[in-house]
>>> print(open('work_22.txt').read())   # compact mmCIF, C-alpha atoms and all ligand atoms
# COMPACT_ATOMS: atom_id res chain seq x y z
CA MET A 17 145.07 125.44 223.42
CA ARG A 18 142.05 127.67 223.68
CA ARG A 19 141.93 128.14 219.96
CA GLN A 20 141.99 124.36 219.49
CA ARG A 21 138.93 123.98 221.72
CA LEU A 22 137.04 126.72 219.90
CA PHE A 23 137.72 125.27 216.49
CA PRO A 24 135.16 122.37 216.62
CA PHE A 25 132.51 124.80 217.91
CA ALA A 26 133.19 127.20 215.07
CA LEU A 27 132.98 124.35 212.55
CA ALA A 28 129.69 123.12 214.05
CA ALA A 29 128.24 126.67 213.97
CA ILE A 30 129.21 127.11 210.31
CA ALA A 31 127.81 123.67 209.42
CA SER A 32 124.47 124.34 211.14
CA ALA A 33 124.15 127.80 209.52
CA ALA A 34 124.97 126.28 206.12
CA SER A 35 122.43 123.47 206.54
CA ALA A 36 119.72 125.94 207.64
CA LEU A 37 120.44 128.01 204.53
CA ALA A 38 120.51 124.93 202.31
CA GLU A 39 117.15 123.83 203.76
CA GLN A 40 115.63 127.24 202.97
CA ARG A 41 116.96 127.20 199.45
CA ALA A 42 116.06 123.57 198.83
CA SER A 43 112.41 124.50 199.26
CA VAL A 44 112.60 126.61 196.11
CA VAL A 45 111.51 124.27 193.31
CA PRO A 46 113.28 125.55 190.23
CA GLY A 47 112.20 125.00 186.65
CA ALA A 48 114.33 123.00 184.26
CA HIS A 49 117.91 124.24 183.91
CA ASP A 50 119.13 121.96 181.19
CA ALA A 51 120.70 122.84 177.83
CA LEU A 52 119.74 119.39 176.50
CA LEU A 53 116.08 119.81 177.43
CA THR A 54 115.29 122.26 174.66
CA ALA A 55 111.94 124.02 174.49
CA GLY A 56 112.27 126.21 171.40
CA PRO A 57 113.88 126.47 167.94
CA GLN A 58 116.88 128.58 169.04
CA ALA A 59 117.80 126.19 171.84
CA ALA A 60 117.23 123.22 169.51
CA ARG A 61 119.73 124.67 167.01
CA ILE A 62 122.29 125.15 169.76
CA GLY A 63 121.54 121.61 170.96
CA GLU A 64 122.31 120.22 167.48
CA LEU A 65 125.63 122.08 167.43
CA TRP A 66 126.39 120.65 170.87
CA ASN A 67 125.59 117.10 169.70
CA LEU A 68 127.86 117.47 166.66
CA THR A 69 130.69 118.88 168.81
CA VAL A 70 130.37 116.06 171.36
CA PHE A 71 130.31 113.43 168.59
CA ILE A 72 133.41 114.79 166.85
CA CYS A 73 135.35 115.35 170.07
CA THR A 74 134.47 111.85 171.34
CA ALA A 75 135.57 110.29 168.05
CA VAL A 76 138.88 112.23 168.13
CA PHE A 77 139.46 111.30 171.79
CA CYS A 78 138.90 107.59 171.02
CA ALA A 79 141.15 107.78 167.93
CA VAL A 80 143.97 109.38 169.98
CA LEU A 81 143.64 106.71 172.68
CA LEU A 82 143.66 103.95 170.06
CA GLY A 83 146.77 105.49 168.46
CA LEU A 84 148.46 105.61 171.87
CA VAL A 85 147.60 101.97 172.62
CA PHE A 86 148.83 100.96 169.16
CA ALA A 87 152.13 102.85 169.65
CA LEU A 88 152.66 101.23 173.07
CA TRP A 89 151.88 97.81 171.63
CA ARG A 90 154.32 98.32 168.73
CA SER A 91 157.01 99.73 170.97
CA GLY A 92 160.23 97.72 171.04
CA ARG A 93 161.02 98.75 174.62
CA ARG A 94 158.93 96.18 176.38
CA HIS A 95 161.55 94.75 178.78
CA ASP A 96 163.10 96.34 181.85
CA ASP A 97 166.21 94.23 181.61
CA GLY A 98 168.76 95.14 178.98
CA PRO A 99 169.40 98.42 177.13
CA PRO A 100 166.49 100.16 175.29
CA ASP A 101 166.06 99.52 171.60
CA LEU A 102 167.01 102.84 169.96
CA SER A 103 167.45 101.48 166.47
CA SER A 104 164.55 103.55 165.11
CA VAL A 105 166.14 106.86 166.23
CA GLY A 106 167.49 108.69 163.23
CA ARG A 107 165.88 106.26 160.77
CA HIS A 108 163.12 107.67 158.57
CA GLU A 109 159.97 105.59 159.15
CA ARG A 110 157.43 106.05 156.44
CA GLY A 111 154.45 104.50 158.32
CA PRO A 112 154.52 106.75 161.44
CA PHE A 113 155.32 109.80 159.31
CA LEU A 114 152.24 109.22 157.16
CA GLY A 115 150.23 108.62 160.34
CA VAL A 116 151.22 112.06 161.70
CA VAL A 117 150.45 113.76 158.35
CA TRP A 118 147.01 112.14 158.20
CA SER A 119 146.25 113.01 161.83
CA VAL A 120 147.13 116.68 161.27
CA GLY A 121 145.04 116.76 158.07
CA VAL A 122 142.01 115.11 159.68
CA SER A 123 142.27 117.40 162.76
CA ILE A 124 142.26 120.51 160.56
CA ALA A 125 139.31 119.16 158.54
CA LEU A 126 137.30 118.39 161.69
CA LEU A 127 138.04 121.82 163.19
CA LEU A 128 136.84 123.38 159.92
CA VAL A 129 133.64 121.33 160.15
CA LEU A 130 133.05 122.75 163.66
CA VAL A 131 133.75 126.31 162.48
CA VAL A 132 131.30 125.96 159.59
CA ALA A 133 128.68 124.37 161.85
CA SER A 134 129.06 127.25 164.35
CA VAL A 135 128.64 129.88 161.62
CA VAL A 136 125.62 128.06 160.15
CA THR A 137 124.03 127.86 163.63
CA ASP A 138 124.72 131.54 164.30
CA ARG A 139 123.17 132.58 160.99
CA ALA A 140 120.13 130.37 161.56
CA LEU A 141 119.63 132.01 164.98
CA ALA A 142 119.96 135.49 163.45
CA ARG A 143 117.43 134.66 160.71
CA ALA A 144 114.73 133.23 162.98
CA SER A 145 111.35 134.90 162.41
CA LEU A 146 110.53 137.70 164.85
CA ASP A 147 107.04 138.54 163.56
CA ASN A 148 104.57 139.63 166.19
CA ALA A 149 107.29 139.47 168.84
CA VAL A 150 106.90 140.34 172.51
CA ASN A 151 109.46 143.09 173.32
CA ILE A 152 110.96 143.20 176.77
CA ASP A 153 113.80 145.28 178.22
CA VAL A 154 115.90 143.34 180.72
CA THR A 155 118.17 145.28 183.07
CA GLY A 156 120.65 143.43 185.26
CA HIS A 157 121.18 144.76 188.79
CA GLN A 158 123.23 143.43 191.69
CA TRP A 159 121.48 140.97 192.16
CA TRP A 160 118.09 140.92 190.47
CA TRP A 161 116.50 141.32 187.05
CA GLU A 162 114.29 144.25 186.09
CA LEU A 163 111.84 143.53 183.26
CA SER A 164 110.02 146.22 181.25
CA TYR A 165 107.42 144.93 178.80
CA ARG A 166 106.98 147.32 175.89
CA GLY A 167 103.61 147.16 174.15
CA GLU A 168 102.14 148.80 171.05
CA SER A 169 101.25 151.94 172.99
CA PRO A 170 102.63 153.34 176.27
CA SER A 171 99.48 152.23 178.10
CA ASP A 172 100.43 148.63 177.28
CA ASN A 173 103.79 148.90 179.05
CA PHE A 174 104.36 147.36 182.44
CA ASN A 175 107.15 146.23 184.73
CA ALA A 176 107.97 142.87 186.25
CA VAL A 177 110.82 141.39 188.24
CA ASN A 178 112.85 138.16 188.03
CA GLU A 179 110.01 136.06 186.55
CA LEU A 180 109.66 136.53 182.80
CA HIS A 181 106.24 135.39 181.60
CA VAL A 182 106.08 134.80 177.83
CA PRO A 183 103.35 133.43 175.56
CA VAL A 184 103.97 129.98 174.07
CA GLY A 185 104.64 130.02 170.31
CA ARG A 186 105.40 133.74 169.99
CA PRO A 187 108.93 135.07 169.47
CA VAL A 188 110.36 137.11 172.32
CA VAL A 189 112.96 139.84 171.77
CA LEU A 190 114.93 140.93 174.80
CA ARG A 191 116.92 144.18 174.93
CA LEU A 192 119.67 143.58 177.45
CA MET A 193 121.16 146.34 179.61
CA ALA A 194 123.01 146.55 182.91
CA ASP A 195 122.76 149.07 185.70
CA ASP A 196 126.00 148.48 187.60
CA VAL A 197 128.39 145.75 186.47
CA ILE A 198 128.45 143.16 183.69
CA HIS A 199 125.88 140.36 184.05
CA SER A 200 125.01 137.57 181.63
CA LEU A 201 121.61 136.10 180.87
CA TRP A 202 121.43 132.36 180.35
CA VAL A 203 118.26 130.29 180.06
CA PRO A 204 119.73 127.10 178.57
CA SER A 205 116.42 125.48 177.59
CA LEU A 206 115.53 128.47 175.40
CA ALA A 207 118.64 130.27 174.11
CA GLY A 208 122.35 130.82 174.42
CA LYS A 209 124.15 133.19 176.74
CA LYS A 210 124.43 136.93 176.28
CA ASP A 211 126.17 139.58 178.37
CA LEU A 212 124.45 142.66 179.80
CA ILE A 213 127.03 145.44 179.72
CA PRO A 214 126.63 148.88 181.36
CA GLY A 215 126.29 151.60 178.70
CA ARG A 216 125.48 149.16 175.91
CA THR A 217 122.39 147.46 174.57
CA ALA A 218 122.42 143.91 173.25
CA THR A 219 119.51 141.88 171.93
CA MET A 220 118.58 138.27 172.28
CA SER A 221 115.60 136.38 170.92
CA PHE A 222 113.95 133.06 171.60
CA ARG A 223 110.66 131.28 171.34
CA ALA A 224 109.18 128.84 173.82
CA ASP A 225 107.16 126.12 172.09
CA ARG A 226 106.15 124.20 175.20
CA PRO A 227 104.48 125.64 178.29
CA GLY A 228 106.58 125.31 181.41
CA ARG A 229 109.04 126.95 183.76
CA TYR A 230 112.60 127.31 182.50
CA ARG A 231 115.30 128.33 184.92
CA GLY A 232 117.87 130.95 184.04
CA GLN A 233 120.96 132.10 185.82
CA CYS A 234 123.37 135.01 185.69
CA ALA A 235 126.39 133.51 183.96
CA GLU A 236 129.00 136.24 184.50
CA PHE A 237 130.59 136.80 187.89
CA CYS A 238 129.03 140.05 189.14
CA GLY A 239 129.89 140.20 192.82
CA TYR A 240 129.28 138.43 196.08
CA GLN A 241 125.82 137.07 195.32
CA HIS A 242 126.34 136.26 191.64
CA ALA A 243 125.44 132.59 192.21
CA PHE A 244 122.07 133.63 193.67
CA MET A 245 121.04 135.81 190.74
CA ALA A 246 118.56 133.37 189.28
CA PHE A 247 115.81 134.05 186.83
CA GLU A 248 112.84 132.14 185.52
CA VAL A 249 111.05 132.13 182.19
CA ILE A 250 107.46 131.03 182.56
CA ALA A 251 105.94 130.06 179.21
CA ASP A 252 102.16 130.32 179.43
CA PRO A 253 99.49 129.41 176.86
CA PRO A 254 98.54 132.68 175.04
CA ALA A 255 95.21 133.25 176.85
CA GLN A 256 96.82 132.74 180.24
CA TYR A 257 99.67 135.08 179.29
CA ASP A 258 97.22 137.78 178.20
CA ALA A 259 95.37 137.48 181.51
CA TRP A 260 98.65 137.73 183.43
CA ALA A 261 99.76 140.78 181.41
CA ALA A 262 96.38 142.48 181.98
CA THR A 263 96.85 142.02 185.74
CA GLN A 264 100.37 143.45 185.62
CA ARG A 265 99.14 146.60 183.85
CA GLN A 266 96.81 147.34 186.76
CA PRO A 267 98.03 149.35 189.74
CA ALA A 268 98.52 147.42 192.98
CA ALA A 269 95.41 145.99 194.60
CA GLU A 270 93.80 148.01 197.40
CA PRO A 271 94.19 146.39 200.84
CA ALA A 272 91.22 144.12 201.46
CA ASP A 273 91.19 144.15 205.27
CA ALA A 274 92.42 146.07 208.32
CA THR A 275 95.66 144.03 208.61
CA ALA A 276 96.61 144.69 205.00
CA ARG A 277 95.72 148.39 205.43
CA ARG A 278 98.03 148.54 208.44
CA GLY A 279 100.67 146.75 206.34
CA ARG A 280 100.42 149.42 203.67
CA ASP A 281 100.82 152.14 206.31
CA VAL A 282 103.90 150.32 207.65
CA PHE A 283 105.33 150.11 204.14
CA LEU A 284 104.68 153.78 203.33
CA GLY A 285 105.96 154.90 206.72
CA SER A 286 109.23 152.97 206.64
CA ALA A 287 112.46 153.05 204.69
CA CYS A 288 110.97 150.60 202.13
CA ILE A 289 109.75 153.49 199.95
CA MET A 290 113.29 154.81 199.54
CA CYS A 291 113.99 151.94 197.10
CA HIS A 292 110.74 150.21 196.07
CA ALA A 293 107.69 151.20 194.03
CA ILE A 294 104.09 150.10 194.47
CA GLU A 295 101.92 151.45 191.66
CA GLY A 296 98.89 153.35 192.93
CA THR A 297 100.65 154.51 196.12
CA ILE A 298 103.17 157.28 196.74
CA ALA A 299 105.99 154.70 196.64
CA GLY A 300 107.75 155.26 193.32
CA ALA A 301 111.44 154.57 193.88
CA ARG A 302 113.21 152.44 191.31
CA LYS A 303 116.34 151.42 193.18
CA GLY A 304 114.99 148.00 194.15
CA PRO A 305 112.42 145.65 192.61
CA ASP A 306 108.91 146.94 191.83
CA LEU A 307 106.56 145.39 194.41
CA SER A 308 103.20 146.25 192.78
CA HIS A 309 102.53 142.54 192.13
CA VAL A 310 105.07 140.88 194.40
CA GLY A 311 102.44 138.51 195.83
CA GLY A 312 102.04 136.87 192.42
CA ARG A 313 105.67 135.78 192.19
CA SER A 314 106.70 132.31 193.27
CA THR A 315 110.08 133.29 194.70
CA ILE A 316 111.76 136.32 196.26
CA ALA A 317 115.37 137.52 196.25
CA ALA A 318 116.01 136.43 192.62
CA GLY A 319 115.00 132.80 193.04
CA THR A 320 116.67 132.42 196.44
CA LEU A 321 113.65 131.92 198.71
CA PRO A 322 110.08 130.67 198.21
CA ASN A 323 107.58 133.54 198.37
CA ARG A 324 105.82 132.49 201.59
CA PRO A 325 104.94 134.74 204.56
CA ALA A 326 107.53 133.23 206.92
CA GLU A 327 110.39 133.56 204.41
CA LEU A 328 109.28 137.05 203.36
CA ALA A 329 109.27 138.19 207.00
CA ARG A 330 112.74 136.77 207.62
CA TRP A 331 114.00 138.31 204.40
CA ILE A 332 112.68 141.78 205.35
CA ALA A 333 114.01 141.46 208.92
CA ASN A 334 117.52 140.64 207.71
CA PRO A 335 118.27 140.01 204.03
CA HIS A 336 121.95 139.55 204.89
CA ASP A 337 121.13 136.23 206.57
CA PHE A 338 120.37 134.90 203.09
CA LYS A 339 122.36 137.10 200.72
CA PRO A 340 125.33 138.71 202.48
CA GLY A 341 126.36 141.88 200.67
CA VAL A 342 122.91 142.62 199.22
CA ASN A 343 121.98 146.33 199.03
CA MET A 344 118.74 145.96 201.02
CA PRO A 345 119.28 146.86 204.68
CA ALA A 346 117.81 145.00 207.64
CA THR A 347 114.46 146.38 208.84
CA SER A 348 113.48 146.28 212.48
CA LEU A 349 109.70 146.05 212.98
CA SER A 350 107.44 144.88 215.80
CA SER A 351 106.00 141.45 215.09
CA ALA A 352 102.51 142.91 214.61
CA ASP A 353 103.85 145.43 212.07
CA MET A 354 105.87 142.72 210.31
CA ASN A 355 102.83 140.42 210.06
CA ALA A 356 100.74 143.26 208.67
CA LEU A 357 103.44 144.20 206.14
CA VAL A 358 103.86 140.60 204.98
CA SER A 359 100.10 140.19 204.71
CA TYR A 360 99.86 143.36 202.59
CA LEU A 361 102.74 142.39 200.28
CA GLY A 362 101.32 138.88 199.90
CA SER A 363 97.97 140.35 198.82
CA LEU A 364 99.57 142.23 195.89
CA LYS A 365 98.90 139.59 193.25
CU1 LIG B 1 124.76 139.03 187.74
CU2 LIG B 1 126.38 137.32 187.97
>>> encode(input="work_22.txt", output="C-alpha cells")
Amino acid sequence: MRRQRLFPFALAAIASAASALAEQRASVVPGAHDALLTAGPQAARIGELWNLTVFICTAVFCAVLLGLVFALWRSGRRHDDGPPDLSSVGRHERGPFLGVVWSVGVSIALLLVLVVASVVTDRALARASLDNAVNIDVTGHQWWWELSYRGESPSDNFNAVNELHVPVGRPVVLRLMADDVIHSLWVPSLAGKKDLIPGRTATMSFRADRPGRYRGQCAEFCGYQHAFMAFEVIADPPAQYDAWAATQRQPAAEPADATARRGRDVFLGSACIMCHAIEGTIAGARKGPDLSHVGGRSTIAAGTLPNRPAELARWIANPHDFKPGVNMPATSLSSADMNALVSYLGSLK
C-alpha cells in the first residue's frame, strides 16, 4: 500500500529532474548534424554513395512489392469456400521460374554495383589532396575530446578541447587515438566515421568548404555518458582561424581584476589542479581538459551545457547532476569563492 502511494511521487520527481535537465541541454544550440547537409568534398562523395544506395534499395523494395501484389492477384486461391486450388503444385511453370532466375540475377548485379560504388568512393576519399594540411591529434577520453594542433615547429603547437576550429578550404588531417576505451569520431557534414582505439593510431581527413559550425558525436558506445560526448567543428575563414590559433598559442590571460585574481587563487588552491592545466600557472595536469582558454568555448562538458557563468558554477559544484559517472568530482566552495572562480575561468578567452 505504502509503495503504491510513493510510486506517483517517485515518477513526478524523475519527470521534473528530467525536464530540468532537458531544459539545460536544450539551451545548447548545436551546429548542423546532418549527413545530407554536406560541407566538403569527402562528405559530398559519401552523400553521393548514400543517394545511389537509397535509389537502388527503393527501386528493389518497390519491385518486390509489385511482384508480391502480382502474385496475390494471379493466385487461384481467392475464395474461402471450397478446397484450395493446388493444381500448380508439382507442375513446372516456366513463367515464375524465369521470374525467380531474373530476380536473382538482377539482385546480384545491383549488389555488385553497390560494391563497386563503395570501392570507388573509398579510393576517391583516399586520393583527396592533402597539400598544406592542418595536422591535429585527437584523443578520445571518457567523455571529452583532447585536441593537439601540430604546427611546422614546436612553438606552433597548441592544445584545444572539444571545439575543433579549422580554416575553410584547407585540408585537415586528424590522427585519432584513445586514452581509455574505444570511441568513434563522426562529423556527418564533413566526413565518415572512424574509431579511436587505445594503442593504435588511425587517420582521417576532411575539408570544410563553407564556414559554419558542424556538430560531431562519439559514435561508439564508450560508457555511461557516451551519448553526451559531443564535438563541434567550427570552420572559420582563414584570417579568423589564424587569429584564433594565435590566441590559443598564448598562455592564459592574467586576471584583470581582484575577483578574477581571487578566482585564480581558488583554482590553484583547490583540487582542480590535480586534473586540469592552465598555461602560465603552476597548474599542469593533463587528466582533464586544458582550461587555458576555456572562456572562449561556447559549451562545457563536451557539448552538454552552454558555457555561461550559472551553468559553469553548477557544473563545478556537482558535475554528476548533469553527467552521472563523470570522473570530475563535486567541489564544495563558498558562493563568493565560486563566483570568483567562475569569473576567472570565464575571463580565459
Ligand atoms: Cu566516446 Cu562514445
>>> closest_atom_pairs(input="work_22.txt", of="chain A", to="ligand LIG 1 (chain B)", cutoff="9 Å", atoms="only C-alpha atoms and all ligand atoms", output="JSON lines")
{"residue": "A:Gly156", "atom": "CA", "partner": "B:LIG1", "partner_atom": "CU1", "distance": 6.5}
{"residue": "A:His157", "atom": "CA", "partner": "B:LIG1", "partner_atom": "CU1", "distance": 6.8}
{"residue": "A:Gln158", "atom": "CA", "partner": "B:LIG1", "partner_atom": "CU1", "distance": 6.1}
{"residue": "A:Trp159", "atom": "CA", "partner": "B:LIG1", "partner_atom": "CU1", "distance": 5.8}
{"residue": "A:Trp160", "atom": "CA", "partner": "B:LIG1", "partner_atom": "CU1", "distance": 7.5}
{"residue": "A:Trp161", "atom": "CA", "partner": "B:LIG1", "partner_atom": "CU1", "distance": 8.6}
{"residue": "A:Val197", "atom": "CA", "partner": "B:LIG1", "partner_atom": "CU1", "distance": 7.7}
{"residue": "A:Ile198", "atom": "CA", "partner": "B:LIG1", "partner_atom": "CU1", "distance": 6.9}
{"residue": "A:His199", "atom": "CA", "partner": "B:LIG1", "partner_atom": "CU1", "distance": 4.1}
{"residue": "A:Ser200", "atom": "CA", "partner": "B:LIG1", "partner_atom": "CU1", "distance": 6.3}
{"residue": "A:Leu201", "atom": "CA", "partner": "B:LIG1", "partner_atom": "CU1", "distance": 8.1}
{"residue": "A:Leu212", "atom": "CA", "partner": "B:LIG1", "partner_atom": "CU1", "distance": 8.7}
{"residue": "A:Gln233", "atom": "CA", "partner": "B:LIG1", "partner_atom": "CU2", "distance": 7.8}
{"residue": "A:Cys234", "atom": "CA", "partner": "B:LIG1", "partner_atom": "CU2", "distance": 4.4}
{"residue": "A:Ala235", "atom": "CA", "partner": "B:LIG1", "partner_atom": "CU2", "distance": 5.5}
{"residue": "A:Glu236", "atom": "CA", "partner": "B:LIG1", "partner_atom": "CU2", "distance": 4.5}
{"residue": "A:Phe237", "atom": "CA", "partner": "B:LIG1", "partner_atom": "CU2", "distance": 4.2}
{"residue": "A:Cys238", "atom": "CA", "partner": "B:LIG1", "partner_atom": "CU2", "distance": 4.0}
{"residue": "A:Gly239", "atom": "CA", "partner": "B:LIG1", "partner_atom": "CU2", "distance": 6.6}
{"residue": "A:Tyr240", "atom": "CA", "partner": "B:LIG1", "partner_atom": "CU2", "distance": 8.7}
{"residue": "A:Gln241", "atom": "CA", "partner": "B:LIG1", "partner_atom": "CU2", "distance": 7.4}
{"residue": "A:His242", "atom": "CA", "partner": "B:LIG1", "partner_atom": "CU2", "distance": 3.8}
{"residue": "A:Ala243", "atom": "CA", "partner": "B:LIG1", "partner_atom": "CU2", "distance": 6.4}
{"residue": "A:Phe244", "atom": "CA", "partner": "B:LIG1", "partner_atom": "CU2", "distance": 8.0}
{"residue": "A:Met245", "atom": "CA", "partner": "B:LIG1", "partner_atom": "CU1", "distance": 5.8}
{"residue": "A:Ala246", "atom": "CA", "partner": "B:LIG1", "partner_atom": "CU1", "distance": 8.5}
>>> residues_around(input="work_22.txt", residues="Arg186 (chain A)", least_positions_apart="5", cutoff="10 Å", atoms="only C-alpha atoms", output="VMD selection string")
chain A and resid 145 to 150 222 to 225 251 254
>>> write_last_selection(input="work_22.txt", atoms="C-alpha atoms", output="PDB file, in the frame of the given file")
ATOM      1  CA  SER A 145     111.350 134.900 162.410  1.00  0.00           C
ATOM      2  CA  LEU A 146     110.530 137.700 164.850  1.00  0.00           C
ATOM      3  CA  ASP A 147     107.040 138.540 163.560  1.00  0.00           C
ATOM      4  CA  ASN A 148     104.570 139.630 166.190  1.00  0.00           C
ATOM      5  CA  ALA A 149     107.290 139.470 168.840  1.00  0.00           C
ATOM      6  CA  VAL A 150     106.900 140.340 172.510  1.00  0.00           C
ATOM      7  CA  PHE A 222     113.950 133.060 171.600  1.00  0.00           C
ATOM      8  CA  ARG A 223     110.660 131.280 171.340  1.00  0.00           C
ATOM      9  CA  ALA A 224     109.180 128.840 173.820  1.00  0.00           C
ATOM     10  CA  ASP A 225     107.160 126.120 172.090  1.00  0.00           C
ATOM     11  CA  ALA A 251     105.940 130.060 179.210  1.00  0.00           C
ATOM     12  CA  PRO A 254      98.540 132.680 175.040  1.00  0.00           C
TER      13      PRO A 254
END
>>> closest_residue(input="work_22.txt", among="A:Ser221, A:Ser164, A:Thr297, A:Ser359", to="Ala144 (chain A)", atoms="all atoms listed in the file")
A:Ser221
>>> atom_distance(input="work_22.txt", atom1="CA of Leu81 (chain A)", atom2="CA of Val131 (chain A)")
24.2 Å
>>> residues_around(input="work_22.txt", residues="region 316-333 of chain A", least_positions_apart="5", cutoff="8 Å", atoms="only C-alpha atoms", output="VMD selection string")
chain A and resid 40 to 41 43 to 44 46 159 to 161 178 244 to 248 311 338 346 to 349 354 to 355 358 to 359 362
